[in-house]
Every structure is written in structure tokens, then in C-alpha cells.
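S.K.: Handing over upload19.cif, mmCIF, C-alpha atoms.
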```cif
data_entry
#
loop_
_atom_site.group_PDB
_atom_site.id
_atom_site.type_symbol
_atom_site.label_atom_id
_atom_site.label_comp_id
_atom_site.auth_asym_id
_atom_site.auth_seq_id
_atom_site.Cartn_x
_atom_site.Cartn_y
_atom_site.Cartn_z
ATOM 1 C CA MET A 1 138.806 145.794 30.981
ATOM 2 C CA ALA A 2 140.152 149.357 31.258
ATOM 3 C CA GLU A 3 140.618 149.369 27.484
ATOM 4 C CA LYS A 4 136.926 148.524 26.957
ATOM 5 C CA ILE A 5 135.853 151.349 29.303
ATOM 6 C CA ASP A 6 138.146 153.780 27.471
ATOM 7 C CA ASP A 7 136.730 152.558 24.160
ATOM 8 C CA GLU A 8 133.159 153.059 25.367
ATOM 9 C CA LEU A 9 134.055 156.567 26.514
ATOM 10 C CA LEU A 10 135.609 157.386 23.138
ATOM 11 C CA VAL A 11 132.565 156.037 21.310
ATOM 12 C CA GLU A 12 130.225 158.069 23.521
ATOM 13 C CA GLN A 13 132.298 161.220 22.994
ATOM 14 C CA PHE A 14 132.194 160.635 19.239
ATOM 15 C CA ARG A 15 128.409 160.181 19.324
ATOM 16 C CA ARG A 16 128.122 163.529 21.112
ATOM 17 C CA GLY A 17 129.973 165.217 18.264
ATOM 18 C CA ASP A 18 133.550 165.253 19.561
ATOM 19 C CA GLU A 19 135.526 164.594 16.365
ATOM 20 C CA THR A 20 138.797 164.383 18.293
ATOM 21 C CA ALA A 21 137.471 161.153 19.828
ATOM 22 C CA PHE A 22 137.594 159.505 16.406
ATOM 23 C CA GLU A 23 141.093 160.858 15.829
ATOM 24 C CA ARG A 24 142.152 159.200 19.085
ATOM 25 C CA ILE A 25 140.540 155.928 17.966
ATOM 26 C CA VAL A 26 142.475 156.082 14.688
ATOM 27 C CA LYS A 27 145.701 156.906 16.507
ATOM 28 C CA GLN A 28 145.193 154.078 19.003
ATOM 29 C CA TYR A 29 144.240 151.335 16.534
ATOM 30 C CA SER A 30 145.636 152.271 13.106
ATOM 31 C CA ALA A 31 148.879 150.328 13.580
ATOM 32 C CA ASP A 32 147.047 147.140 14.682
ATOM 33 C CA VAL A 33 144.603 147.447 11.778
ATOM 34 C CA ALA A 34 147.385 148.057 9.238
ATOM 35 C CA VAL A 35 149.440 145.102 10.502
ATOM 36 C CA LEU A 36 146.440 142.767 10.314
ATOM 37 C CA ALA A 37 145.532 144.008 6.818
ATOM 38 C CA ASN A 38 149.128 143.531 5.664
ATOM 39 C CA ARG A 39 149.218 139.992 7.016
ATOM 40 C CA LEU A 40 145.910 139.092 5.410
ATOM 41 C CA LEU A 41 146.573 140.699 2.034
ATOM 42 C CA GLY A 42 150.303 140.151 1.657
ATOM 43 C CA TRP A 43 150.859 143.155 -0.614
ATOM 44 C CA PRO A 44 151.962 146.249 1.336
ATOM 45 C CA SER A 45 151.277 148.643 -1.547
ATOM 46 C CA ASP A 46 147.529 148.553 -0.822
ATOM 47 C CA ILE A 47 147.693 148.717 2.969
ATOM 48 C CA GLU A 48 147.371 152.493 3.282
ATOM 49 C CA ASP A 49 144.304 152.579 1.010
ATOM 50 C CA VAL A 50 142.687 149.611 2.736
ATOM 51 C CA THR A 51 143.373 151.127 6.165
ATOM 52 C CA GLN A 52 141.715 154.360 5.078
ATOM 53 C CA ASP A 53 138.701 152.382 3.814
ATOM 54 C CA ILE A 54 138.515 150.567 7.148
ATOM 55 C CA PHE A 55 138.495 153.762 9.183
ATOM 56 C CA LEU A 56 136.043 155.409 6.797
ATOM 57 C CA ALA A 57 133.689 152.461 7.352
ATOM 58 C CA ALA A 58 134.298 152.733 11.092
ATOM 59 C CA PHE A 59 133.531 156.458 11.032
ATOM 60 C CA VAL A 60 130.253 155.830 9.217
ATOM 61 C CA GLY A 61 129.277 152.869 11.394
ATOM 62 C CA LEU A 62 130.487 154.059 14.786
ATOM 63 C CA LYS A 63 127.147 155.601 15.738
ATOM 64 C CA LYS A 64 125.593 152.135 15.455
ATOM 65 C CA PHE A 65 128.380 150.400 17.436
ATOM 66 C CA ARG A 66 126.749 148.807 20.507
ATOM 67 C CA CYS A 67 129.913 148.076 22.542
ATOM 68 C CA GLU A 68 128.985 144.362 22.758
ATOM 69 C CA CYS A 69 132.592 143.550 21.912
ATOM 70 C CA SER A 70 135.783 145.544 22.176
ATOM 71 C CA LEU A 71 136.361 148.363 19.734
ATOM 72 C CA LYS A 72 139.473 146.510 18.549
ATOM 73 C CA SER A 73 137.421 143.400 17.751
ATOM 74 C CA TRP A 74 134.895 145.514 15.881
ATOM 75 C CA LEU A 75 137.674 147.202 13.887
ATOM 76 C CA PHE A 76 139.257 143.801 13.171
ATOM 77 C CA THR A 77 135.892 142.585 11.864
ATOM 78 C CA ILE A 78 135.762 145.558 9.498
ATOM 79 C CA THR A 79 139.386 144.855 8.539
ATOM 80 C CA ILE A 80 138.624 141.222 7.680
ATOM 81 C CA ASN A 81 135.650 142.257 5.525
ATOM 82 C CA LYS A 82 137.551 145.036 3.739
ATOM 83 C CA CYS A 83 140.477 142.687 3.077
ATOM 84 C CA ARG A 84 138.115 140.090 1.645
ATOM 85 C CA THR A 85 136.598 142.751 -0.613
ATOM 86 C CA ASN A 86 140.036 143.982 -1.610
ATOM 87 C CA ARG A 87 141.229 140.446 -2.396
ATOM 88 C CA TYR A 88 138.107 139.815 -4.495
ATOM 89 C CA LYS A 89 138.520 143.066 -6.433
ATOM 90 C CA ARG A 90 142.188 142.300 -6.960
ATOM 91 C CA TRP A 91 141.286 138.801 -8.178
ATOM 92 C CA LEU A 92 138.830 140.267 -10.673
ATOM 93 C CA ARG A 93 141.464 142.688 -11.994
ATOM 94 C CA LEU A 94 144.074 139.962 -12.310
ATOM 95 C CA ARG A 95 141.622 137.660 -14.036
ATOM 96 C CA ARG A 96 141.338 140.153 -16.891
ATOM 97 C CA PHE A 97 145.002 139.786 -17.706
ATOM 98 C CA SER A 98 146.805 136.837 -19.167
ATOM 99 C CA GLN A 99 147.645 133.743 -17.141
ATOM 100 C CA GLU A 100 151.314 134.762 -17.126
ATOM 101 C CA ILE A 101 150.554 138.045 -15.379
ATOM 102 C CA TYR A 102 148.224 136.238 -12.982
ATOM 103 C CA LYS A 103 151.035 133.877 -11.963
ATOM 104 C CA VAL A 104 153.370 136.675 -10.901
ATOM 105 C CA SER A 105 153.682 136.608 -7.148
ATOM 106 C CA LEU A 106 153.065 140.093 -5.833
ATOM 107 C CA SER A 107 154.182 139.202 -2.344
ATOM 108 C CA SER A 108 157.540 137.634 -3.209
ATOM 109 C CA ALA A 109 159.199 140.996 -3.889
ATOM 110 C CA CYS A 110 157.920 142.297 -0.565
ATOM 111 C CA GLU A 111 159.136 139.205 1.261
ATOM 112 C CA GLU A 112 162.681 139.682 0.014
ATOM 113 C CA LYS A 113 162.661 143.294 1.156
ATOM 114 C CA TYR A 114 161.346 142.677 4.688
ATOM 115 C CA MET A 115 162.254 139.115 5.679
ATOM 116 C CA ASP A 116 165.656 137.960 6.867
ATOM 117 C CA THR A 117 165.806 134.177 6.794
ATOM 118 C CA ASP A 118 164.882 131.631 4.176
ATOM 119 C CA GLU A 119 162.893 129.699 6.759
ATOM 120 C CA PHE A 120 160.800 132.746 7.593
ATOM 121 C CA LYS A 121 160.183 133.361 3.890
ATOM 122 C CA HIS A 122 159.116 129.750 3.480
ATOM 123 C CA VAL A 123 156.692 129.946 6.413
ATOM 124 C CA ARG A 124 155.269 133.256 5.164
ATOM 125 C CA ARG A 125 154.680 131.782 1.700
ATOM 126 C CA ALA A 126 153.026 128.712 3.231
ATOM 127 C CA VAL A 127 150.662 130.891 5.279
ATOM 128 C CA ALA A 128 149.968 133.114 2.267
ATOM 129 C CA ALA A 129 149.172 130.018 0.181
ATOM 130 C CA LEU A 130 146.416 128.959 2.566
ATOM 131 C CA PRO A 131 142.884 129.655 1.367
ATOM 132 C CA PRO A 132 141.454 132.787 3.050
ATOM 133 C CA ARG A 133 139.115 130.734 5.254
ATOM 134 C CA TYR A 134 142.205 129.111 6.813
ATOM 135 C CA ARG A 135 144.665 132.014 6.535
ATOM 136 C CA GLU A 136 142.427 134.483 8.427
ATOM 137 C CA PRO A 137 142.105 132.332 11.576
ATOM 138 C CA VAL A 138 145.829 131.458 11.508
ATOM 139 C CA VAL A 139 146.872 135.108 11.272
ATOM 140 C CA LEU A 140 144.451 136.177 13.987
ATOM 141 C CA ARG A 141 145.315 133.316 16.370
ATOM 142 C CA TYR A 142 149.027 132.758 15.958
ATOM 143 C CA ILE A 143 150.333 136.072 14.670
ATOM 144 C CA GLN A 144 147.928 138.576 16.229
ATOM 145 C CA GLU A 145 147.560 136.283 19.281
ATOM 146 C CA ILE A 146 143.820 136.818 19.668
ATOM 147 C CA GLY A 147 141.723 134.371 21.690
ATOM 148 C CA THR A 148 139.403 131.939 19.967
ATOM 149 C CA ASP A 149 136.212 133.502 21.377
ATOM 150 C CA GLU A 150 137.141 136.872 19.932
ATOM 151 C CA ILE A 151 138.223 135.375 16.605
ATOM 152 C CA SER A 152 134.862 133.614 16.351
ATOM 153 C CA ARG A 153 133.131 136.963 16.765
ATOM 154 C CA ILE A 154 135.450 138.763 14.328
ATOM 155 C CA LEU A 155 134.978 136.155 11.596
ATOM 156 C CA GLY A 156 131.308 135.549 12.373
ATOM 157 C CA ILE A 157 131.755 131.793 12.737
ATOM 158 C CA SER A 158 131.121 129.344 15.553
ATOM 159 C CA LYS A 159 133.945 128.293 17.837
ATOM 160 C CA ASN A 160 133.684 124.730 16.494
ATOM 161 C CA THR A 161 134.043 125.970 12.913
ATOM 162 C CA LEU A 162 137.034 128.044 13.977
ATOM 163 C CA ASN A 163 138.690 125.035 15.638
ATOM 164 C CA VAL A 164 138.136 122.909 12.524
ATOM 165 C CA ARG A 165 139.646 125.612 10.299
ATOM 166 C CA LEU A 166 142.649 126.030 12.594
ATOM 167 C CA SER A 167 143.159 122.264 12.689
ATOM 168 C CA ARG A 168 142.988 121.966 8.898
ATOM 169 C CA ALA A 169 145.304 124.943 8.477
ATOM 170 C CA ARG A 170 147.857 123.426 10.878
ATOM 171 C CA LYS A 171 147.697 120.144 8.958
ATOM 172 C CA ARG A 172 148.319 121.922 5.639
ATOM 173 C CA LEU A 173 151.160 123.929 7.147
ATOM 174 C CA ARG A 174 152.732 120.766 8.589
ATOM 175 C CA GLU A 175 152.620 119.210 5.123
ATOM 176 C CA ASP A 176 153.909 122.348 3.341
ATOM 177 C CA LEU A 177 156.654 122.901 5.906
ATOM 178 C CA ALA A 178 157.630 119.261 6.404
ATOM 179 C CA GLU A 179 161.153 119.865 5.133
ATOM 180 C CA LEU A 180 161.693 122.613 7.732
ATOM 181 C CA ILE A 181 160.263 120.513 10.536
ATOM 182 C CA GLU A 182 162.619 117.630 9.712
ATOM 183 C CA LEU A 183 165.700 119.877 10.019
#
```
Please lay out the structure from this file as C-alpha cells.
M.R.:
Amino acid sequence: MAEKIDDELLVEQFRRGDETAFERIVKQYSADVAVLANRLLGWPSDIEDVTQDIFLAAFVGLKKFRCECSLKSWLFTITINKCRTNRYKRWLRLRRFSQEIYKVSLSSACEEKYMDTDEFKHVRRAVAALPPRYREPVVLRYIQEIGTDEISRILGISKNTLNVRLSRARKRLREDLAELIEL
């Protein structure tokens, strides 16, 4: 609750023209936003640009922020939307190239650089292979450890829809990771 009060104070200071309030918001939440964007996109090369886009959108929209949810939830909502836009733009660019270029996995090189075990790589690929409507809830719930009420607000879906998506995602992951589960 103290975080929400601090957030409301920062927002109010920003509305009154204190630009350092926004700098403090960026400093406080930029790491969380970047980690979420990285997990949703899977290609670290774009994270800095996407994070800048997210905070630019937050800067523009902060005067309209009504503090009905936490500032972090609001920023995560912007992050989800910017990542969706980024994925769509990336898909359009890749579609212009040949099928061979399209098949190149952009995340596999990153996985080898940052991941230690084969099992972890396998799990990461399985999560990355989920359709966005399943991957987003999985990342928010199990990796970011956000509660279902907040995830529902971030994604703009009902709690029932969220539970269905999580259930379907778990089923797909169980199937994709069956060989690891049997070990």
C-alpha cells in the first residue's frame, strides 16, 4: 500500500510540473518494464528501444492516469501493448523476406548467451512458442509473479478468460515439456 501512496505522490508531483518526479518513476520501474518486455519479446536487441517507447507513452499519458490501479500495473499494461505492437511490426518486416529468413530463430542465439542448462533453454523455447495470448499471462503470472486480479487488469480480460488461458497454456507446456517431466 505504501508503494501506491508513493506512486500517487509522484504522479501528483509530475502533474504539477516537477519533471524530476518522472525521472524517479523511470528509475523505479525501468528494470521491471525492461525485464517484462524482454520476456514477452524474446529478442534483447529491441528492449532498449521498446522501453523508451513505453516510457514516452507513459510520459504523454501520465496526466490522464487516474490511480485506479498501481503505477506498476499501468506501466505493465503499456508494456504489453507496446510489445504487441513491436511483435506485429516485426512480423510484418519478416514477412517481406523469404521463408528461409523468416524461419531463423532470433531468440536462439540469445538463449545460448544467457542460459545455463539445456532444460532451461527447452522451457524458455516452449514458453516462447506459445501464442501471445497464452505467453503473456504465463510470463506475468509465473515469471513476474503477479496476481490474477492485476493480470486481468493489465491484459484487459476477465478473470475467467485469464484462468482459461493459463489452463490452456499449462496444458500446452505439459505436452511440449513431457520429456523433461518424465526425467
S.K.: For segment 156-172 of chain A, work out the shell of residues within 12 Å, counting all atoms listed in the file and skipping chain neighbours fewer than 4 positions away, then give it as number ranges by chain.
M.R.: A: 73-74, 76-78, 80-81, 123, 126-142, 147-152, 176-178
S.K.: Written as a ChimeraX atom specification, what is the full residue list that the PyMOL selection byres ((chain A and resi 20-22) around 10) yields on the file shown?
M.R.: /A:7,9-19,23-28,55,58-59,62
S.K.: Hey, can you check how far atom CA of Val35 of chain A sits from atom CA of Glu8 of chain A?
M.R.: 23.4 Å
S.K.: Quick one: distance from atom CA of Leu40 of chain A to atom CA of Leu173 of chain A in Å, one decimal?
M.R.: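 Distance between the two atoms: 16.1 Å.
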S.K.: Interatomic distance between atom CA of Trp43 of chain A and atom CA of Arg84 of chain A?
M.R.: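 According to the coordinates, atom CA of Trp43 of chain A and atom CA of Arg84 of chain A are separated by 13.3 Å.
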S.K.: Between A:Asp6, A:Arg124, A:Asp118, A:Ile143, which is the closest to Cys67 of chain A once you count all atoms listed in the file?
M.R.: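 Ranking A:Asp6, A:Arg124, A:Asp118, A:Ile143 by distance to Cys67 of chain A, first place goes to A:Asp6.
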S.K.: Using the chain letters and numbers from this file, what does the PyMOL selection byres ((chain A and resi 51) around 12) select? Give the answer as a count of residues only.
M.R.: 35
S.K.: Out of A:Phe120, A:Glu175, A:Leu180, A:Ile154, which residue has the shortest atom-to-atom distance to Leu71 of chain A when counting only C-alpha atoms?
M.R.: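 Of A:Phe120, A:Glu175, A:Leu180, A:Ile154, the one nearest Leu71 of chain A is A:Ile154, counting only C-alpha atoms.
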